[in-house]
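**Student:** There's a structure below that I have some questions on.
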Amino acid sequence: MSCRLNRFIEPILVTRPTLPPLDVYQDYLRLIWQSQQLTNFGRFAREFEASIQDLIGSPNCLFVTNGTLALQLVLKALEVTGEVITTPFSFVATSSAIQWEGATPVLVDIDPHTLNLDPGRVEEAITPKTTAIVATHVYGNPCEIAQLESISRKHGLKLIFDAAHCVGVTHQGRALIQNGDASITSFHATKVFHSVEGGLAYFREQETGHRLRYMRNYGFNGPEDFQGLGINAKNSELHAAMGLALLPSLGAIIEKRLAVHRAYDRVLAGHPRLQQPRWSEDATRNGAYYPIILESEEVLLGLQSALEDKNVFTRRYFYPPLSRLPYVRATKIPVAENISRRVLCLPIYADLDLEAVGQIGAFIADFAERPEVLEARS
Ligand code: T4K
């Protein structure tokens, strides 16, 4: 029997940002107006950075303009050059940051279960020019950190994690971002937690932290001291204020997202015609994304358009794979090619109505069983 789903009156988008109560943000704005300190490490940027350090449980992280610049800064601070082994299944910023910094992204295929960089394939891609590994914890699901650490140690490589999706995720009891020589995350409006635009750079060594500090501030080490090459990667008081206003709600945001996650799970988990990534058992979740893997691209496109007819909008995070980037060396990455054609991210955000989620989930479960879909498969 086919499951009926009425068209939603308001579009259900793949994500919506959570906003703090307007009066709370206005209180911050009033103080900014009074002080007229808009940027350049004002009170709120410093307070927000300190609050994030508390949350992470380490003073070794800096608030910057966005996740992309955080990645570029850590690559620069760690003096990454030559070839960098990275994943083809990530947002474009993972590879573009490497290229932008003058290094060459070398794509290595992903694990078909976790969808993260496959550590078993990394060593064969190492050449005398390799200086680093940049691995993404895709959807907030941790990479095989121990294996990647042991490979990078053995070959003298820097290890950098793109943890853009990972705010609030802990791994083996501590913040996931506290791994590698450096890690970054994103506070973009579409993320679990945001400061409108924003990012964080975590570093292991104080020497890296010292470089990051002057690099994000044009290279200044003080008002009249040029320490080295820098860029403008500071963030403003208005962005920091958004972060501060939203931070007390982080736990509640994650709880609400996980409730959406569970509501989808009730109808979709274990469905014989849908797969999902295998999640690390050592980590908590933050409900950043709800990916499903369909049987074919044809089924995915059919489902995506059937949902659009109901005013429900999904996204193909991440399609196409980064091997299609015009500036990346062509590489054989059959697993990532295959997965990225079939993976679809369903709407998930804190205020998404759970009843709607149940209906959308039931529609998807039913869609995957429809005769025309089964026919397309055979
Ligand atoms: N590494 C990884 C692995 C990443 O995923 C990202 C970013 C980065 C690095 C770089 O971090 P940042 O430099 O961005 O800090 C989004 C985000 O722009 C991007 O931050 C994110 N990853 C990427 C996965 O997705 P789009 O193209 O999905 O955004 P957009 O504008 O299509 O928005 C999606 C939905 O959200 C829309 O249906 C509307 C809704 N929306 C969006 C915005 C921006 C709102 O309701 N309000 C809003 O303000 O890129």
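Going by the structure tokens order, chains are called A, B, ..., each with residues numbered from 1, while ligands are numbered from 1 in the order shown.
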Using only C-alpha atoms and all ligand atoms, find each residue with an atom at most 6 Å away from ligand 1 and format the answer as a PDB file with N, CA, C and O atoms, in the first residue's frame.

**Tutor:**
```pdb
ATOM      1  N   LEU A  13      13.173  22.707   4.439  1.00  0.00           N
ATOM      2  CA  LEU A  13      14.515  22.800   3.846  1.00  0.00           C
ATOM      3  C   LEU A  13      15.454  21.824   4.540  1.00  0.00           C
ATOM      4  O   LEU A  13      15.165  21.348   5.641  1.00  0.00           O
ATOM      5  N   VAL A  14      16.569  21.559   3.890  1.00  0.00           N
ATOM      6  CA  VAL A  14      17.496  20.574   4.441  1.00  0.00           C
ATOM      7  C   VAL A  14      18.003  20.996   5.816  1.00  0.00           C
ATOM      8  O   VAL A  14      18.270  20.172   6.688  1.00  0.00           O
ATOM      9  N   THR A  15      18.116  22.309   6.012  1.00  0.00           N
ATOM     10  CA  THR A  15      18.485  22.783   7.347  1.00  0.00           C
ATOM     11  C   THR A  15      17.969  24.198   7.562  1.00  0.00           C
ATOM     12  O   THR A  15      17.628  24.904   6.598  1.00  0.00           O
ATOM     13  N   ARG A  16      17.864  24.582   8.782  1.00  0.00           N
ATOM     14  CA  ARG A  16      17.514  25.950   9.180  1.00  0.00           C
ATOM     15  C   ARG A  16      18.414  26.283  10.354  1.00  0.00           C
ATOM     16  O   ARG A  16      18.627  25.440  11.235  1.00  0.00           O
ATOM     17  N   PRO A  17      18.948  27.508  10.390  1.00  0.00           N
ATOM     18  CA  PRO A  17      19.783  27.843  11.549  1.00  0.00           C
ATOM     19  C   PRO A  17      18.936  28.010  12.801  1.00  0.00           C
ATOM     20  O   PRO A  17      17.790  28.453  12.714  1.00  0.00           O
ATOM     21  N   ASN A  66      36.053  31.812   9.389  1.00  0.00           N
ATOM     22  CA  ASN A  66      35.212  30.702   8.927  1.00  0.00           C
ATOM     23  C   ASN A  66      36.050  29.421   8.920  1.00  0.00           C
ATOM     24  O   ASN A  66      37.268  29.454   9.143  1.00  0.00           O
ATOM     25  N   GLY A  67      35.399  28.304   8.636  1.00  0.00           N
ATOM     26  CA  GLY A  67      36.086  27.022   8.663  1.00  0.00           C
ATOM     27  C   GLY A  67      37.118  26.894   7.551  1.00  0.00           C
ATOM     28  O   GLY A  67      38.173  26.268   7.733  1.00  0.00           O
ATOM     29  N   THR A  68      36.826  27.494   6.402  1.00  0.00           N
ATOM     30  CA  THR A  68      37.750  27.394   5.270  1.00  0.00           C
ATOM     31  C   THR A  68      39.075  28.087   5.606  1.00  0.00           C
ATOM     32  O   THR A  68      40.155  27.522   5.401  1.00  0.00           O
ATOM     33  N   SER A  90      33.901  14.977   0.708  1.00  0.00           N
ATOM     34  CA  SER A  90      33.854  16.058   1.692  1.00  0.00           C
ATOM     35  C   SER A  90      33.334  17.289   0.978  1.00  0.00           C
ATOM     36  O   SER A  90      33.105  17.265  -0.244  1.00  0.00           O
ATOM     37  N   PHE A  91      33.163  18.362   1.720  1.00  0.00           N
ATOM     38  CA  PHE A  91      32.818  19.633   1.084  1.00  0.00           C
ATOM     39  C   PHE A  91      34.054  20.138   0.333  1.00  0.00           C
ATOM     40  O   PHE A  91      35.182  19.851   0.710  1.00  0.00           O
ATOM     41  N   ALA A  93      35.632  22.751   0.300  1.00  0.00           N
ATOM     42  CA  ALA A  93      36.636  23.532   1.048  1.00  0.00           C
ATOM     43  C   ALA A  93      37.805  22.670   1.512  1.00  0.00           C
ATOM     44  O   ALA A  93      38.921  23.182   1.679  1.00  0.00           O
ATOM     45  N   THR A  94      37.581  21.379   1.735  1.00  0.00           N
ATOM     46  CA  THR A  94      38.664  20.518   2.228  1.00  0.00           C
ATOM     47  C   THR A  94      39.798  20.473   1.201  1.00  0.00           C
ATOM     48  O   THR A  94      40.971  20.632   1.546  1.00  0.00           O
ATOM     49  N   THR A 136      38.522  14.262   6.781  1.00  0.00           N
ATOM     50  CA  THR A 136      37.273  14.851   7.291  1.00  0.00           C
ATOM     51  C   THR A 136      36.504  13.823   8.121  1.00  0.00           C
ATOM     52  O   THR A 136      36.364  12.674   7.692  1.00  0.00           O
ATOM     53  N   ASP A 162      39.592  17.779   9.393  1.00  0.00           N
ATOM     54  CA  ASP A 162      38.514  18.702   9.071  1.00  0.00           C
ATOM     55  C   ASP A 162      37.307  18.240   9.877  1.00  0.00           C
ATOM     56  O   ASP A 162      36.645  17.263   9.531  1.00  0.00           O
ATOM     57  N   ALA A 164      34.645  20.075  10.524  1.00  0.00           N
ATOM     58  CA  ALA A 164      33.642  21.142  10.301  1.00  0.00           C
ATOM     59  C   ALA A 164      32.254  20.745  10.792  1.00  0.00           C
ATOM     60  O   ALA A 164      31.457  21.608  11.152  1.00  0.00           O
ATOM     61  N   SER A 186      33.656  24.476  11.837  1.00  0.00           N
ATOM     62  CA  SER A 186      32.940  25.594  11.214  1.00  0.00           C
ATOM     63  C   SER A 186      31.779  26.024  12.095  1.00  0.00           C
ATOM     64  O   SER A 186      31.064  25.183  12.634  1.00  0.00           O
ATOM     65  N   PHE A 187      31.627  27.334  12.205  1.00  0.00           N
ATOM     66  CA  PHE A 187      30.447  27.891  12.883  1.00  0.00           C
ATOM     67  C   PHE A 187      29.561  28.589  11.849  1.00  0.00           C
ATOM     68  O   PHE A 187      29.046  29.681  12.081  1.00  0.00           O
ATOM     69  N   HIS A 188      29.420  27.977  10.682  1.00  0.00           N
ATOM     70  CA  HIS A 188      28.563  28.558   9.648  1.00  0.00           C
ATOM     71  C   HIS A 188      27.096  28.382  10.033  1.00  0.00           C
ATOM     72  O   HIS A 188      26.728  27.444  10.746  1.00  0.00           O
ATOM     73  N   ALA A 189      26.264  29.274   9.510  1.00  0.00           N
ATOM     74  CA  ALA A 189      24.832  29.274   9.858  1.00  0.00           C
ATOM     75  C   ALA A 189      24.144  27.932   9.633  1.00  0.00           C
ATOM     76  O   ALA A 189      23.146  27.631  10.285  1.00  0.00           O
ATOM     77  N   THR A 190      24.676  27.121   8.715  1.00  0.00           N
ATOM     78  CA  THR A 190      24.024  25.836   8.428  1.00  0.00           C
ATOM     79  C   THR A 190      24.488  24.722   9.368  1.00  0.00           C
ATOM     80  O   THR A 190      24.027  23.587   9.233  1.00  0.00           O
ATOM     81  N   GLY A 198      31.853  31.731  10.868  1.00  0.00           N
ATOM     82  CA  GLY A 198      32.883  31.594  11.894  1.00  0.00           C
ATOM     83  C   GLY A 198      33.547  30.239  11.803  1.00  0.00           C
ATOM     84  O   GLY A 198      33.045  29.329  11.139  1.00  0.00           O
ATOM     85  N   GLY A 199      34.681  30.140  12.458  1.00  0.00           N
ATOM     86  CA  GLY A 199      35.392  28.864  12.462  1.00  0.00           C
ATOM     87  C   GLY A 199      36.340  28.810  13.640  1.00  0.00           C
ATOM     88  O   GLY A 199      36.556  29.817  14.337  1.00  0.00           O
TER      89      GLY A 199
END
```

**Student:** Would you mind writing down, as an NGL selection string, each residue of range 53-253 of chain A that DSSP on the backbone assigns to helix (DSSP H, G or I)?

**Tutor:** :A and (53-56 or 67-77 or 92-100 or 119-121 or 123-125 or 138-140 or 145-155 or 206-215 or 237-253)

**Student:** Kindly save the residues from that selection, with C-alpha atoms included, as a tab-separated table (two decimals), in the first residue's frame.

**Tutor:**
```tsv
chain	number	residue	atom	x	y	z
A	53	GLN	CA	38.01	26.87	24.83
A	54	ASP	CA	36.07	25.86	27.95
A	55	LEU	CA	33.64	23.84	25.88
A	56	ILE	CA	36.45	22.07	24.03
A	67	GLY	CA	36.09	27.02	8.66
A	68	THR	CA	37.75	27.39	5.27
A	69	LEU	CA	40.20	30.02	6.51
A	70	ALA	CA	40.78	27.96	9.66
A	71	LEU	CA	41.92	25.11	7.40
A	72	GLN	CA	44.12	27.39	5.30
A	73	LEU	CA	45.68	28.86	8.42
A	74	VAL	CA	46.54	25.51	9.99
A	75	LEU	CA	48.02	24.28	6.70
A	76	LYS	CA	50.15	27.43	6.56
A	77	ALA	CA	51.12	27.30	10.25
A	92	VAL	CA	34.87	21.37	-1.59
A	93	ALA	CA	36.64	23.53	1.05
A	94	THR	CA	38.66	20.52	2.23
A	95	SER	CA	40.49	20.22	-1.10
A	96	SER	CA	40.34	23.85	-2.18
A	97	ALA	CA	42.07	24.99	1.02
A	98	ILE	CA	44.96	22.61	0.30
A	99	GLN	CA	45.26	23.81	-3.29
A	100	TRP	CA	44.91	27.46	-2.22
A	119	PRO	CA	43.33	4.44	6.37
A	120	GLY	CA	44.10	1.12	4.69
A	121	ARG	CA	44.72	2.95	1.41
A	123	GLU	CA	50.21	4.35	2.83
A	124	GLU	CA	50.24	3.31	-0.82
A	125	ALA	CA	49.59	6.95	-1.79
A	138	VAL	CA	32.18	13.23	7.59
A	139	TYR	CA	28.76	14.13	9.07
A	140	GLY	CA	30.42	14.33	12.52
A	145	ILE	CA	41.99	8.45	14.33
A	146	ALA	CA	44.43	5.98	15.92
A	147	GLN	CA	45.29	4.39	12.57
A	148	LEU	CA	45.80	7.74	10.87
A	149	GLU	CA	47.97	8.91	13.77
A	150	SER	CA	50.14	5.86	13.56
A	151	ILE	CA	50.59	6.24	9.77
A	152	SER	CA	51.40	9.94	10.06
A	153	ARG	CA	53.91	9.29	12.86
A	154	LYS	CA	55.58	6.46	10.93
A	155	HIS	CA	56.04	8.64	7.83
A	206	GLN	CA	52.24	25.92	21.21
A	207	GLU	CA	54.57	26.80	18.33
A	208	THR	CA	51.67	26.19	15.90
A	209	GLY	CA	49.39	28.27	18.15
A	210	HIS	CA	51.90	31.13	18.15
A	211	ARG	CA	51.96	31.14	14.35
A	212	LEU	CA	48.18	30.90	14.10
A	213	ARG	CA	47.82	33.90	16.42
A	214	TYR	CA	49.89	36.23	14.31
A	215	MET	CA	48.76	34.70	11.02
A	237	GLU	CA	32.04	41.45	17.63
A	238	LEU	CA	28.67	40.89	15.94
A	239	HIS	CA	29.60	37.33	14.99
A	240	ALA	CA	31.05	36.61	18.41
A	241	ALA	CA	27.88	38.00	20.01
A	242	MET	CA	25.78	35.56	17.99
A	243	GLY	CA	28.00	32.72	19.18
A	244	LEU	CA	27.75	33.87	22.80
A	245	ALA	CA	23.97	34.30	22.58
A	246	LEU	CA	23.54	30.81	21.14
A	247	LEU	CA	26.11	28.92	23.20
A	248	PRO	CA	23.88	28.30	26.26
A	249	SER	CA	21.46	26.48	23.92
A	250	LEU	CA	24.04	24.13	22.39
A	251	GLY	CA	23.02	21.13	24.52
A	252	ALA	CA	19.33	21.70	23.80
A	253	ILE	CA	20.00	22.13	20.06
```

**Student:** Between A:Pro347, A:Pro321, A:Gly173, A:Gly57, single out the one closest to Leu115 in chain A, counting only C-alpha atoms.

**Tutor:** A:Pro321

**Student:** Can you measure CA of Gly102 in chain A to CA of Pro128 in chain A for me? One decimal in Å is fine.

**Tutor:**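 Answer for the CA of Gly102 in chain A to CA of Pro128 in chain A separation: 16.8 Å.
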
**Student:** Quick one: pull the distance between CA of Phe226 in chain A and CA of Val64 in chain A, Å, one decimal.

**Tutor:**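 According to the coordinates, CA of Phe226 in chain A and CA of Val64 in chain A are separated by 19.5 Å.
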